[in-house]
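Dropping work.cif in here (mmCIF, C-alpha atoms (C1' of nucleotides)):
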data_upload
loop_
_atom_site.label_atom_id
_atom_site.label_comp_id
_atom_site.auth_asym_id
_atom_site.auth_seq_id
_atom_site.Cartn_x
_atom_site.Cartn_y
_atom_site.Cartn_z
CA MET A 25 206.35 38.84 160.78
CA SER A 26 209.28 40.05 158.72
CA LEU A 27 211.31 41.88 161.31
CA PRO A 28 211.54 39.13 163.95
CA ASN A 29 212.51 36.66 161.27
CA ALA A 30 215.10 38.98 159.78
CA ILE A 31 216.61 39.22 163.27
CA LEU A 32 216.55 35.45 163.74
CA GLY A 33 218.14 35.10 160.32
CA LEU A 34 221.01 37.43 161.21
CA LEU A 35 221.52 35.61 164.50
CA THR A 36 222.11 32.38 162.54
CA TYR A 37 225.40 33.99 161.48
CA GLN A 38 226.64 34.62 165.01
CA PRO A 39 225.43 35.81 168.44
CA MET A 40 224.95 39.56 168.47
CA SER A 41 223.73 42.38 170.70
CA GLY A 42 220.88 44.66 169.69
CA TYR A 43 223.42 47.31 168.83
CA ASP A 44 225.39 44.91 166.64
CA LEU A 45 222.20 43.90 164.88
CA LYS A 46 221.42 47.52 164.10
CA GLN A 47 224.87 47.93 162.53
CA VAL A 48 224.34 44.91 160.31
CA PHE A 49 220.85 46.09 159.41
CA ASP A 50 222.10 49.49 158.37
CA THR A 51 224.50 48.02 155.88
CA SER A 52 222.23 45.37 154.41
CA ILE A 53 218.58 44.62 155.19
CA ASN A 54 217.84 48.27 155.88
CA PHE A 55 217.78 48.90 152.15
CA PHE A 56 214.59 46.87 151.79
CA TRP A 57 213.30 46.60 155.37
CA THR A 58 214.07 49.34 157.82
CA ALA A 59 214.26 48.81 161.56
CA GLN A 60 214.89 51.22 164.36
CA LEU A 61 216.94 50.33 167.42
CA SER A 62 213.88 50.57 169.65
CA GLN A 63 212.08 48.07 167.46
CA ILE A 64 215.01 45.68 167.48
CA TYR A 65 215.26 45.76 171.29
CA ARG A 66 211.53 45.16 171.61
CA GLU A 67 211.60 42.26 169.17
CA LEU A 68 214.61 40.74 170.94
CA SER A 69 212.81 40.66 174.29
CA MET A 70 209.74 39.18 172.65
CA LEU A 71 211.84 36.56 170.90
CA GLU A 72 213.46 35.75 174.24
CA LYS A 73 210.04 35.32 175.85
CA LYS A 74 209.14 32.86 173.11
CA GLY A 75 212.37 30.99 173.69
CA TYR A 76 213.74 31.68 170.21
CA VAL A 77 216.83 33.46 171.56
CA THR A 78 218.74 33.49 174.82
CA SER A 79 220.75 36.39 176.21
CA ARG A 80 223.99 36.59 178.13
CA ILE A 81 225.50 39.72 179.68
CA GLU A 82 229.06 40.42 178.61
CA PRO A 83 230.70 42.83 181.09
CA GLN A 84 232.83 45.50 179.48
CA GLU A 85 235.29 47.95 180.89
CA GLY A 86 234.59 51.59 180.48
CA ARG A 87 231.39 51.18 178.51
CA PRO A 88 227.98 49.67 179.18
CA ASP A 89 227.74 45.91 179.33
CA ARG A 90 226.76 44.10 176.14
CA LYS A 91 223.68 41.92 176.13
CA VAL A 92 224.47 39.29 173.57
CA TYR A 93 221.66 37.25 172.05
CA SER A 94 222.09 33.74 170.69
CA LEU A 95 219.72 31.73 168.57
CA THR A 96 218.16 28.64 170.16
CA GLN A 97 217.27 25.48 168.27
CA GLU A 98 213.58 26.43 168.34
CA GLY A 99 214.50 29.87 167.04
CA ASN A 100 216.40 28.35 164.15
CA LYS A 101 213.51 26.00 163.41
CA SER A 102 210.99 28.84 163.46
CA PHE A 103 213.16 30.95 161.16
CA LEU A 104 213.58 28.17 158.61
CA GLU A 105 209.85 27.47 158.67
CA TRP A 106 209.12 31.13 157.99
CA LEU A 107 211.72 31.27 155.24
CA ASN A 108 210.19 28.28 153.49
CA ARG A 109 206.63 29.52 153.94
CA PHE A 110 206.32 32.12 151.20
CA SER A 111 203.09 34.02 151.51
CA GLU A 112 200.20 33.44 149.16
CA SER A 113 200.81 36.72 147.43
CA LEU A 114 204.40 37.79 146.93
CA LEU A 115 203.31 41.33 146.07
CA LEU A 116 203.14 43.24 149.31
CA PRO A 117 201.11 46.44 149.41
CA VAL A 118 203.24 49.20 147.99
CA ARG A 119 203.40 52.44 149.96
CA ASP A 120 204.44 55.33 147.80
CA GLU A 121 203.63 58.71 149.28
CA PHE A 122 205.22 60.49 146.37
CA ASN A 123 202.65 58.93 144.06
CA ILE A 124 199.79 60.25 146.22
CA ARG A 125 201.02 63.76 145.59
CA ILE A 126 201.28 63.08 141.87
CA PHE A 127 197.72 61.71 141.99
CA PHE A 128 196.55 65.10 143.25
CA GLY A 129 199.04 66.86 141.00
CA SER A 130 196.47 69.16 139.39
CA ARG A 131 196.24 71.05 142.69
CA LEU A 132 199.93 71.89 142.69
CA PRO A 133 201.67 74.62 140.72
CA LYS A 134 203.47 73.02 137.80
CA GLU A 135 206.78 74.61 138.82
CA GLU A 136 206.50 72.94 142.22
CA LEU A 137 205.89 69.56 140.59
CA VAL A 138 208.86 70.03 138.28
CA PHE A 139 211.05 71.06 141.23
CA GLN A 140 209.99 68.06 143.32
CA LEU A 141 210.43 65.61 140.45
CA ASN A 142 213.95 66.89 139.92
CA LYS A 143 214.66 66.58 143.63
CA TYR A 144 213.26 63.02 143.52
CA ILE A 145 215.63 62.17 140.67
CA ARG A 146 218.60 63.65 142.55
CA GLU A 147 217.81 61.58 145.64
CA LEU A 148 217.43 58.42 143.59
CA ARG A 149 220.80 59.06 141.92
CA LEU A 150 222.41 59.45 145.35
CA GLY A 151 220.80 56.15 146.33
CA LEU A 152 222.24 54.54 143.20
CA GLU A 153 225.74 55.76 144.05
CA LEU A 154 225.35 54.29 147.51
CA TYR A 155 224.25 50.94 146.07
CA ASN A 156 227.23 50.90 143.73
CA THR A 157 229.80 51.54 146.45
CA LEU A 158 228.01 49.00 148.62
CA ASP A 159 228.27 46.49 145.82
CA ASN A 160 232.04 46.87 145.89
CA SER A 161 232.31 46.34 149.62
CA LEU A 162 230.03 43.31 149.71
CA ARG A 163 232.89 40.85 149.68
CA GLN A 164 234.56 42.41 152.70
CA TYR A 165 231.23 42.45 154.46
CA ALA A 166 230.73 38.76 153.71
CA GLU A 167 234.18 37.99 155.11
CA ALA A 168 233.61 40.09 158.22
CA LEU A 169 230.45 38.16 158.98
CA LEU A 170 232.20 34.88 158.13
CA ARG A 171 229.59 34.22 155.48
CA PRO A 172 231.30 34.27 152.08
CA GLU A 173 228.70 31.90 150.63
CA GLU A 174 225.96 34.50 151.17
CA GLU A 175 227.58 37.07 148.91
CA PHE A 176 225.82 35.80 145.81
CA TYR A 177 222.37 36.38 147.32
CA TRP A 178 223.26 39.71 148.92
CA ARG A 179 224.36 40.84 145.49
CA LEU A 180 220.94 39.93 144.10
CA THR A 181 219.18 42.14 146.68
CA VAL A 182 221.48 45.05 145.86
CA LYS A 183 220.78 44.52 142.18
CA LYS A 184 217.07 44.85 142.89
CA GLY A 185 217.65 48.16 144.61
CA ILE A 186 219.63 49.38 141.62
CA ILE A 187 217.10 48.21 139.03
CA MET A 188 214.16 49.69 140.93
CA ALA A 189 215.91 53.04 141.47
CA GLU A 190 216.82 53.23 137.80
CA ALA A 191 213.21 52.52 136.87
CA ALA A 192 211.94 55.23 139.21
CA ILE A 193 214.37 57.71 137.64
CA ARG A 194 213.13 56.80 134.16
CA TRP A 195 209.54 57.32 135.33
CA ALA A 196 210.29 60.71 136.85
CA GLU A 197 212.07 61.79 133.68
CA GLU A 198 209.07 60.76 131.61
CA CYS A 199 206.85 62.78 133.95
CA LEU A 200 209.02 65.85 133.39
CA GLN A 201 208.84 65.26 129.66
CA GLU A 202 205.06 64.96 129.67
CA LEU A 203 204.68 68.01 131.89
CA ALA A 204 206.83 69.98 129.46
CA ASN A 205 204.77 68.75 126.50
CA SER A 206 201.46 69.58 128.11
CA ARG A 207 202.40 73.18 128.78
CA MET B 4 199.91 61.42 157.55
CA SER B 5 199.28 60.05 154.08
CA LEU B 6 195.98 58.29 154.60
CA PRO B 7 194.00 61.15 156.18
CA ASN B 8 195.24 63.47 153.45
CA ALA B 9 194.39 61.03 150.70
CA ILE B 10 190.87 60.91 152.14
CA LEU B 11 190.64 64.69 152.32
CA GLY B 12 191.90 64.84 148.75
CA LEU B 13 189.22 62.49 147.49
CA LEU B 14 186.56 64.44 149.37
CA THR B 15 187.55 67.54 147.40
CA TYR B 16 185.94 65.80 144.43
CA GLN B 17 182.58 65.29 146.10
CA PRO B 18 181.00 64.30 149.44
CA MET B 19 181.28 60.56 150.02
CA SER B 20 180.56 57.90 152.62
CA GLY B 21 183.29 55.66 154.01
CA TYR B 22 182.02 52.90 151.79
CA ASP B 23 182.17 55.13 148.71
CA LEU B 24 185.71 56.14 149.60
CA LYS B 25 186.76 52.51 149.78
CA GLN B 26 185.38 51.93 146.28
CA VAL B 27 187.34 54.87 144.90
CA PHE B 28 190.45 53.74 146.77
CA ASP B 29 190.24 50.26 145.34
CA THR B 30 190.30 51.56 141.79
CA SER B 31 192.99 54.19 142.22
CA ILE B 32 195.05 55.08 145.27
CA ASN B 33 195.05 51.48 146.47
CA PHE B 34 197.70 50.69 143.88
CA PHE B 35 200.24 52.78 145.78
CA TRP B 36 198.68 53.26 149.21
CA THR B 37 196.34 50.60 150.55
CA ALA B 38 193.61 51.30 153.08
CA GLN B 39 191.14 49.01 154.75
CA LEU B 40 187.55 50.00 155.45
CA SER B 41 188.18 49.96 159.19
CA GLN B 42 191.05 52.38 158.75
CA ILE B 43 188.98 54.70 156.58
CA TYR B 44 186.15 54.80 159.14
CA ARG B 45 188.59 55.51 161.94
CA GLU B 46 190.28 58.31 160.01
CA LEU B 47 186.91 59.81 159.09
CA SER B 48 185.83 60.10 162.71
CA MET B 49 189.20 61.59 163.62
CA LEU B 50 188.95 64.07 160.77
CA GLU B 51 185.46 64.98 161.97
CA LYS B 52 186.76 65.60 165.49
CA LYS B 53 189.36 67.93 164.03
CA GLY B 54 186.67 69.74 162.08
CA TYR B 55 188.15 68.84 158.69
CA VAL B 56 184.98 67.06 157.56
CA THR B 57 181.32 67.13 158.54
CA SER B 58 178.88 64.26 158.26
CA ARG B 59 175.23 64.09 157.34
CA ILE B 60 173.01 61.03 157.57
CA GLU B 61 171.23 60.16 154.33
CA PRO B 62 168.28 57.88 155.09
CA GLN B 63 167.87 55.05 152.63
CA GLU B 64 165.03 52.64 152.04
CA GLY B 65 165.76 49.01 152.48
CA ARG B 66 169.42 49.39 153.39
CA PRO B 67 171.42 51.01 156.19
CA ASP B 68 171.55 54.78 156.16
CA ARG B 69 174.51 56.38 154.46
CA LYS B 70 176.78 58.64 156.48
CA VAL B 71 178.07 61.11 153.95
CA TYR B 72 181.15 63.15 154.73
CA SER B 73 181.85 66.58 153.26
CA LEU B 74 185.05 68.55 153.33
CA THR B 75 185.07 71.75 155.39
CA GLN B 76 187.08 74.84 154.50
CA GLU B 77 189.63 73.99 157.19
CA GLY B 78 189.82 70.47 155.79
CA ASN B 79 190.54 71.79 152.34
CA LYS B 80 193.14 74.18 153.71
CA SER B 81 194.86 71.43 155.68
CA PHE B 82 194.92 69.15 152.63
CA LEU B 83 196.46 71.80 150.39
CA GLU B 84 199.07 72.61 153.02
CA TRP B 85 200.01 68.93 153.24
CA LEU B 86 200.11 68.60 149.47
CA ASN B 87 202.48 71.54 149.15
CA ARG B 88 204.67 70.42 152.04
CA PHE B 89 206.77 67.71 150.44
CA SER B 90 208.81 65.89 153.05
CA GLU B 91 212.54 66.41 153.38
CA SER B 92 213.28 63.03 151.87
CA LEU B 93 211.04 61.87 149.04
CA LEU B 94 212.35 58.32 149.38
CA LEU B 95 210.16 56.51 151.86
CA PRO B 96 211.51 53.36 153.49
CA VAL B 97 210.96 50.49 151.11
CA ARG B 98 209.39 47.36 152.55
CA ASP B 99 210.12 44.35 150.40
CA GLU B 100 209.60 41.06 152.18
CA PHE B 101 210.46 39.10 149.06
CA ASN B 102 213.94 40.60 149.16
CA ILE B 103 214.43 39.46 152.77
CA ARG B 104 213.93 35.89 151.62
CA ILE B 105 216.38 36.38 148.76
CA PHE B 106 218.86 37.79 151.29
CA PHE B 107 218.72 34.48 153.15
CA GLY B 108 218.49 32.59 149.88
CA SER B 109 221.40 30.26 150.65
CA ARG B 110 219.20 28.54 153.25
CA LEU B 111 216.55 27.62 150.69
CA PRO B 112 216.66 24.78 148.18
CA LYS B 113 217.47 26.21 144.77
CA GLU B 114 214.36 24.64 143.25
CA GLU B 115 212.23 26.45 145.79
CA LEU B 116 213.87 29.77 144.91
CA VAL B 117 213.35 29.14 141.20
CA PHE B 118 209.73 28.22 141.81
CA GLN B 119 209.06 31.34 143.89
CA LEU B 120 210.84 33.63 141.44
CA ASN B 121 208.66 32.28 138.65
CA LYS B 122 205.56 32.77 140.78
CA TYR B 123 206.71 36.31 141.51
CA ILE B 124 207.03 36.98 137.78
CA ARG B 125 203.57 35.54 137.11
CA GLU B 126 202.00 37.76 139.76
CA LEU B 127 203.78 40.83 138.43
CA ARG B 128 202.53 40.04 134.92
CA LEU B 129 198.97 39.79 136.24
CA GLY B 130 199.48 43.15 137.91
CA LEU B 131 200.70 44.59 134.62
CA GLU B 132 197.58 43.36 132.82
CA LEU B 133 195.46 44.97 135.51
CA TYR B 134 197.32 48.26 135.09
CA ASN B 135 196.85 48.15 131.35
CA THR B 136 193.10 47.58 131.51
CA LEU B 137 192.89 50.25 134.20
CA ASP B 138 194.72 52.61 131.91
CA ASN B 139 191.98 52.15 129.31
CA SER B 140 189.18 52.83 131.76
CA LEU B 141 190.78 55.91 133.29
CA ARG B 142 188.82 58.31 131.12
CA GLN B 143 185.48 56.86 132.18
CA TYR B 144 186.61 56.95 135.78
CA ALA B 145 187.57 60.61 135.42
CA GLU B 146 184.14 61.38 133.97
CA ALA B 147 182.31 59.43 136.65
CA LEU B 148 184.07 61.45 139.34
CA LEU B 149 183.47 64.66 137.36
CA ARG B 150 187.22 65.24 137.27
CA PRO B 151 188.38 65.01 133.65
CA GLU B 152 191.29 67.36 134.36
CA GLU B 153 192.82 64.84 136.78
CA GLU B 154 193.21 62.13 134.14
CA PHE B 155 196.65 63.31 133.11
CA TYR B 156 198.04 62.88 136.64
CA TRP B 157 196.23 59.60 137.29
CA ARG B 158 197.84 58.29 134.14
CA LEU B 159 201.28 59.22 135.53
CA THR B 160 200.66 57.18 138.68
CA VAL B 161 199.55 54.19 136.62
CA LYS B 162 202.63 54.59 134.47
CA LYS B 163 204.78 54.35 137.60
CA GLY B 164 203.08 51.10 138.55
CA ILE B 165 203.78 49.70 135.09
CA ILE B 166 207.41 50.81 134.97
CA MET B 167 208.14 49.48 138.46
CA ALA B 168 206.45 46.14 137.76
CA GLU B 169 208.38 45.75 134.52
CA ALA B 170 211.62 46.49 136.35
CA ALA B 171 210.83 43.90 139.04
CA ILE B 172 210.14 41.32 136.32
CA ARG B 173 213.50 42.08 134.68
CA TRP B 174 215.23 41.69 138.06
CA ALA B 175 213.55 38.35 138.76
CA GLU B 176 214.50 37.10 135.31
CA GLU B 177 218.11 38.09 135.90
CA CYS B 178 218.00 36.21 139.20
CA LEU B 179 216.78 33.09 137.43
CA GLN B 180 219.56 33.50 134.87
CA GLU B 181 222.24 33.87 137.52
CA LEU B 182 220.88 30.93 139.49
CA ALA B 183 221.02 28.81 136.35
CA ASN B 184 224.59 29.94 135.64
CA SER B 185 225.78 29.23 139.14
CA ARG B 186 224.56 25.64 139.09
"C1'" DT C 23 162.88 28.17 150.68
"C1'" DA C 24 167.40 28.43 152.03
"C1'" DC C 25 171.84 30.35 151.28
"C1'" DA C 26 175.29 33.30 149.46
"C1'" DG C 27 176.48 37.77 148.12
"C1'" DT C 28 176.13 42.86 148.18
"C1'" DT C 29 175.29 47.28 150.36
"C1'" DA C 30 176.41 49.90 154.51
"C1'" DC C 31 178.46 50.94 158.82
"C1'" DT C 32 181.08 49.95 163.28
"C1'" DT C 33 183.99 48.14 166.89
"C1'" DG C 34 187.83 45.75 169.35
"C1'" DA C 35 192.02 43.55 169.77
"C1'" DC C 36 196.27 43.29 168.22
"C1'" DA C 37 200.65 43.91 165.45
"C1'" DT C 38 203.90 46.94 163.84
"C1'" DG C 39 206.46 51.18 163.24
"C1'" DT C 40 208.00 55.97 164.75
"C1'" DC C 41 209.68 59.46 167.81
"C1'" DA C 42 211.45 61.21 171.93
"C1'" DT C 43 213.79 60.55 175.88
"C1'" DA C 44 216.71 58.40 179.52
"C1'" DT C 45 221.03 56.36 181.46
"C1'" DA C 46 226.21 55.98 181.41
"C1'" DT C 47 231.07 56.40 179.89
"C1'" DA C 48 234.97 56.92 176.74
"C1'" DA C 49 237.27 59.05 172.89
"C1'" DC C 50 238.09 62.85 170.22
"C1'" DA C 51 237.93 67.50 168.61
"C1'" DT C 52 237.38 72.64 169.34
"C1'" DA D 25 237.10 73.30 179.52
"C1'" DT D 26 233.33 72.08 176.58
"C1'" DG D 27 230.90 69.85 173.17
"C1'" DT D 28 230.17 66.08 169.96
"C1'" DT D 29 230.24 61.45 168.59
"C1'" DA D 30 230.29 56.53 169.48
"C1'" DT D 31 229.19 52.55 172.40
"C1'" DA D 32 225.32 50.21 174.68
"C1'" DT D 33 220.63 49.44 176.43
"C1'" DA D 34 215.87 50.59 177.45
"C1'" DT D 35 211.16 52.63 177.93
"C1'" DG D 36 206.83 55.24 176.96
"C1'" DA D 37 203.65 57.46 174.11
"C1'" DC D 38 201.83 57.55 170.00
"C1'" DA D 39 200.70 56.60 165.01
"C1'" DT D 40 199.48 53.42 161.76
"C1'" DG D 41 198.02 49.08 159.80
"C1'" DT D 42 195.76 44.33 160.04
"C1'" DC D 43 192.38 40.89 161.22
"C1'" DA D 44 188.09 39.36 162.75
"C1'" DA D 45 183.60 39.80 163.89
"C1'" DG D 46 178.94 42.00 164.45
"C1'" DT D 47 174.54 44.40 162.87
"C1'" DA D 48 171.00 44.79 159.37
"C1'" DA D 49 168.32 44.16 155.21
"C1'" DC D 50 168.02 43.63 150.51
"C1'" DT D 51 169.10 40.84 145.88
"C1'" DG D 52 170.07 37.00 143.21
"C1'" DT D 53 170.80 32.03 142.74
"C1'" DA D 54 170.04 27.02 143.50
#
Kindly return the structure encoded in the file as structure tokens.
Amino acid sequence: MSLPNAILGLLTYQPMSGYDLKQVFDTSINFFWTAQLSQIYRELSMLEKKGYVTSRIEPQEGRPDRKVYSLTQEGNKSFLEWLNRFSESLLLPVRDEFNIRIFFGSRLPKEELVFQLNKYIRELRLGLELYNTLDNSLRQYAEALLRPEEEFYWRLTVKKGIIMAEAAIRWAEECLQELANSR
Amino acid sequence: MSLPNAILGLLTYQPMSGYDLKQVFDTSINFFWTAQLSQIYRELSMLEKKGYVTSRIEPQEGRPDRKVYSLTQEGNKSFLEWLNRFSESLLLPVRDEFNIRIFFGSRLPKEELVFQLNKYIRELRLGLELYNTLDNSLRQYAEALLRPEEEFYWRLTVKKGIIMAEAAIRWAEECLQELANSR
DNA sequence: TACAGTTACTTGACATGTCATATATAACAT
DNA sequence: ATGTTATATATGACATGTCAAGTAACTGTA
């Protein structure tokens, strides 16, 4: 139920096409809930069937016509209901494939584990850099979407990404330490 | 591809029924990769079709017969290949529904946000307690599965759970702080 | 004695997510 | 001239995950 509601939520800002939505996703929600274009298009047609959005074709010269979706009153109502209806448990099932490999770590050569842990750390550091540059451009993003009052909350979600990535780096470094000790 | 390989990995310890596998899951892998019984049964029959496991019916008195699955040589080979084939990117897409709601936080009453953040912290603390008691029982678990040499790696996965939960708690507390400041 | 809970296995429908491919045109670079 | 990237939408096959219910018989509790 997250993706359709994330889409409805973004459409509360302004009418957008599926392509537009993907752009906004990639610079915001994508960091904690990924969506592919194909999924967005599918959800949009399902939301239209339910009457939560309406579409309007905008002819364009030279490039394919835009299909712009707008939120309906029922769509807005449904979104706000979802937003206010926090699930029983706020802890969603974690899916961490990297941890599965660590779980079976005794079957891997230690050098391979050390190599992969270092690679993991490198990738997390790249992610951190991305979050930090994103953090700087948040204000412009808020202005572009005509939603300056959202900036505060967007900043909180970015902060979570940063804190979690830093924690994962610390964990991986401890793993390297313990692997070195156990040799 | 994670679930079938997690199952194959557990079957390297000893032959088990789907029900057994679920028990082991619930006390270990479930913390970073959840699986429902129905999923495990489905994967087992698919793995059998591929020739990665074989099954044998163990008649039981009084209760339904057990269908015990054993790893084949090809199954073991396939598992080890998967284990050694780390994916290009070690950072799987994160799915954090709680963060979606924070993203749209301006649409929620502040008291509701504060309430949910506190609930989030409480749940994470409960999770931490669980991890800590689990940590103490890891040795017995390792002995029960006749795999004392795995304990070291299992402990690393538990450590990740603890570190990540602690980080999430810190984030939520910072959110509460910032919400209080912004009032 | 009735009911709930546990052991054990299975199926079906559905929801969600991924990957590959298709169409079409403009702008830009090699 | 040719190829790549960006704009824009869409579909199909498949993989994966969730939810609900069904069968069957024992064990423990009220």
Checklist entry - When the PyMOL selection byres ((chain B and resi 161) around 10) is applied to the file above, which residues end up in the set, as a ChimeraX atom specification? => result /A:123,127 /B:31-32,34-35,131,134-135,137-138,141,156-160,162-167
Checklist entry - Once you count only C-alpha atoms (C1' of nucleotides), which residues of chain B turn out to be within 12 Å of chain D? Could you give them as a PyMOL selection string? => result chain B and resi 4-7+36-43+45-46+63-68
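When all atoms listed in the file are used to compute distances to chain A, the closest of the residues B:Tyr16, B:Tyr22, B:Tyr55, B:Tyr44 turns out to be B:Tyr16.
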Checklist entry - So what do you get for atom CA of Gly12 of chain B versus atom C1' of DA30 of chain C, distance-wise? => result 22.3 Å
Checklist entry - So what do you get for atom CA of Glu153 of chain A versus atom CA of Ser109 of chain B, distance-wise? => result 26.7 Å
Item to check | Neighbour list for Ile172 of chain B as a list in words, cut-off 9 Å, only C-alpha atoms (C1' of nucleotides), skip fewer than 5 positions in-chain | outcome: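 Result of the neighbour search: Tyr123, Ile124, Arg125, Leu127, Arg128, Met167 and Glu177 of chain B.
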Checklist entry - Rounded to one decimal in Å, what is the spacing between atom CA of Arg110 of chain B and atom CA of Arg109 of chain A? => result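 One can read the atom CA of Arg110 of chain B to atom CA of Arg109 of chain A distance as 12.6 Å.
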Checklist entry - Which residues match the PyMOL selection byres ((chain C) within 9 of (chain B)) in the file above, as an MDAnalysis selection string? => result chainID C and resid 29:33
Item to check | Counting all atoms listed in the file, the option among B:Glu91, B:Glu176, B:Glu61, B:Asp99 closest to chain A | outcome: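 Checking each candidate against chain A, we get B:Asp99 as the closest.
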Item to check | Best match for closeness to chain A among B:Ile105, B:Asn139, B:Lys113, B:Ser185, counting all atoms listed in the file | outcome: B:Ile105
Checklist outcome for this item: Closest of B:Ile60, B:Met19, B:Leu13, B:Met49 to chain A, counting all atoms listed in the file, is B:Leu13
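The nearest approach to chain B among the residues A:Pro172, A:Gly151, A:Gly129, A:Gly75, with only C-alpha atoms taken into account, belongs to A:Gly129.
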Checklist entry - Between A:Leu32, A:Leu45, A:Val77, A:Leu114, which has the minimum distance to chain B (counting only C-alpha atoms)? => result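 Going through A:Leu32, A:Leu45, A:Val77, A:Leu114 one by one, the smallest distance to chain B is for A:Leu114.
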Could you get me a file of chain C with C-alpha atoms (C1' of nucleotides), as a compact mmCIF listing (two decimals), in the first residue's frame, taken from the block above?
# COMPACT_ATOMS: atom_id res chain seq x y z
C1' DT C 23 -16.41 -32.82 27.57
C1' DA C 24 -15.52 -29.06 24.83
C1' DC C 25 -12.23 -25.87 23.13
C1' DA C 26 -7.87 -23.88 22.17
C1' DG C 27 -3.28 -24.63 20.89
C1' DT C 28 0.53 -27.20 18.67
C1' DT C 29 2.52 -30.14 15.15
C1' DA C 30 2.65 -30.79 10.17
C1' DC C 31 1.75 -29.93 5.44
C1' DT C 32 -0.63 -27.68 1.32
C1' DT C 33 -3.09 -24.72 -1.83
C1' DG C 34 -5.09 -20.54 -4.08
C1' DA C 35 -5.72 -15.88 -4.83
C1' DC C 36 -3.75 -11.81 -4.83
C1' DA C 37 -0.38 -7.86 -4.26
C1' DT C 38 3.87 -6.11 -5.35
C1' DG C 39 8.29 -5.63 -7.61
C1' DT C 40 11.68 -6.54 -11.52
C1' DC C 41 13.25 -6.95 -16.18
C1' DA C 42 12.92 -6.63 -20.97
C1' DT C 43 10.99 -4.71 -24.73
C1' DA C 44 8.25 -1.59 -27.76
C1' DT C 45 6.96 2.93 -29.88
C1' DA C 46 8.32 7.70 -31.39
C1' DT C 47 10.99 12.02 -31.92
C1' DA C 48 14.33 15.64 -30.83
C1' DA C 49 18.81 17.20 -29.35
C1' DC C 50 23.47 16.57 -29.11
C1' DA C 51 27.92 14.56 -29.80
C1' DT C 52 31.35 11.72 -32.53
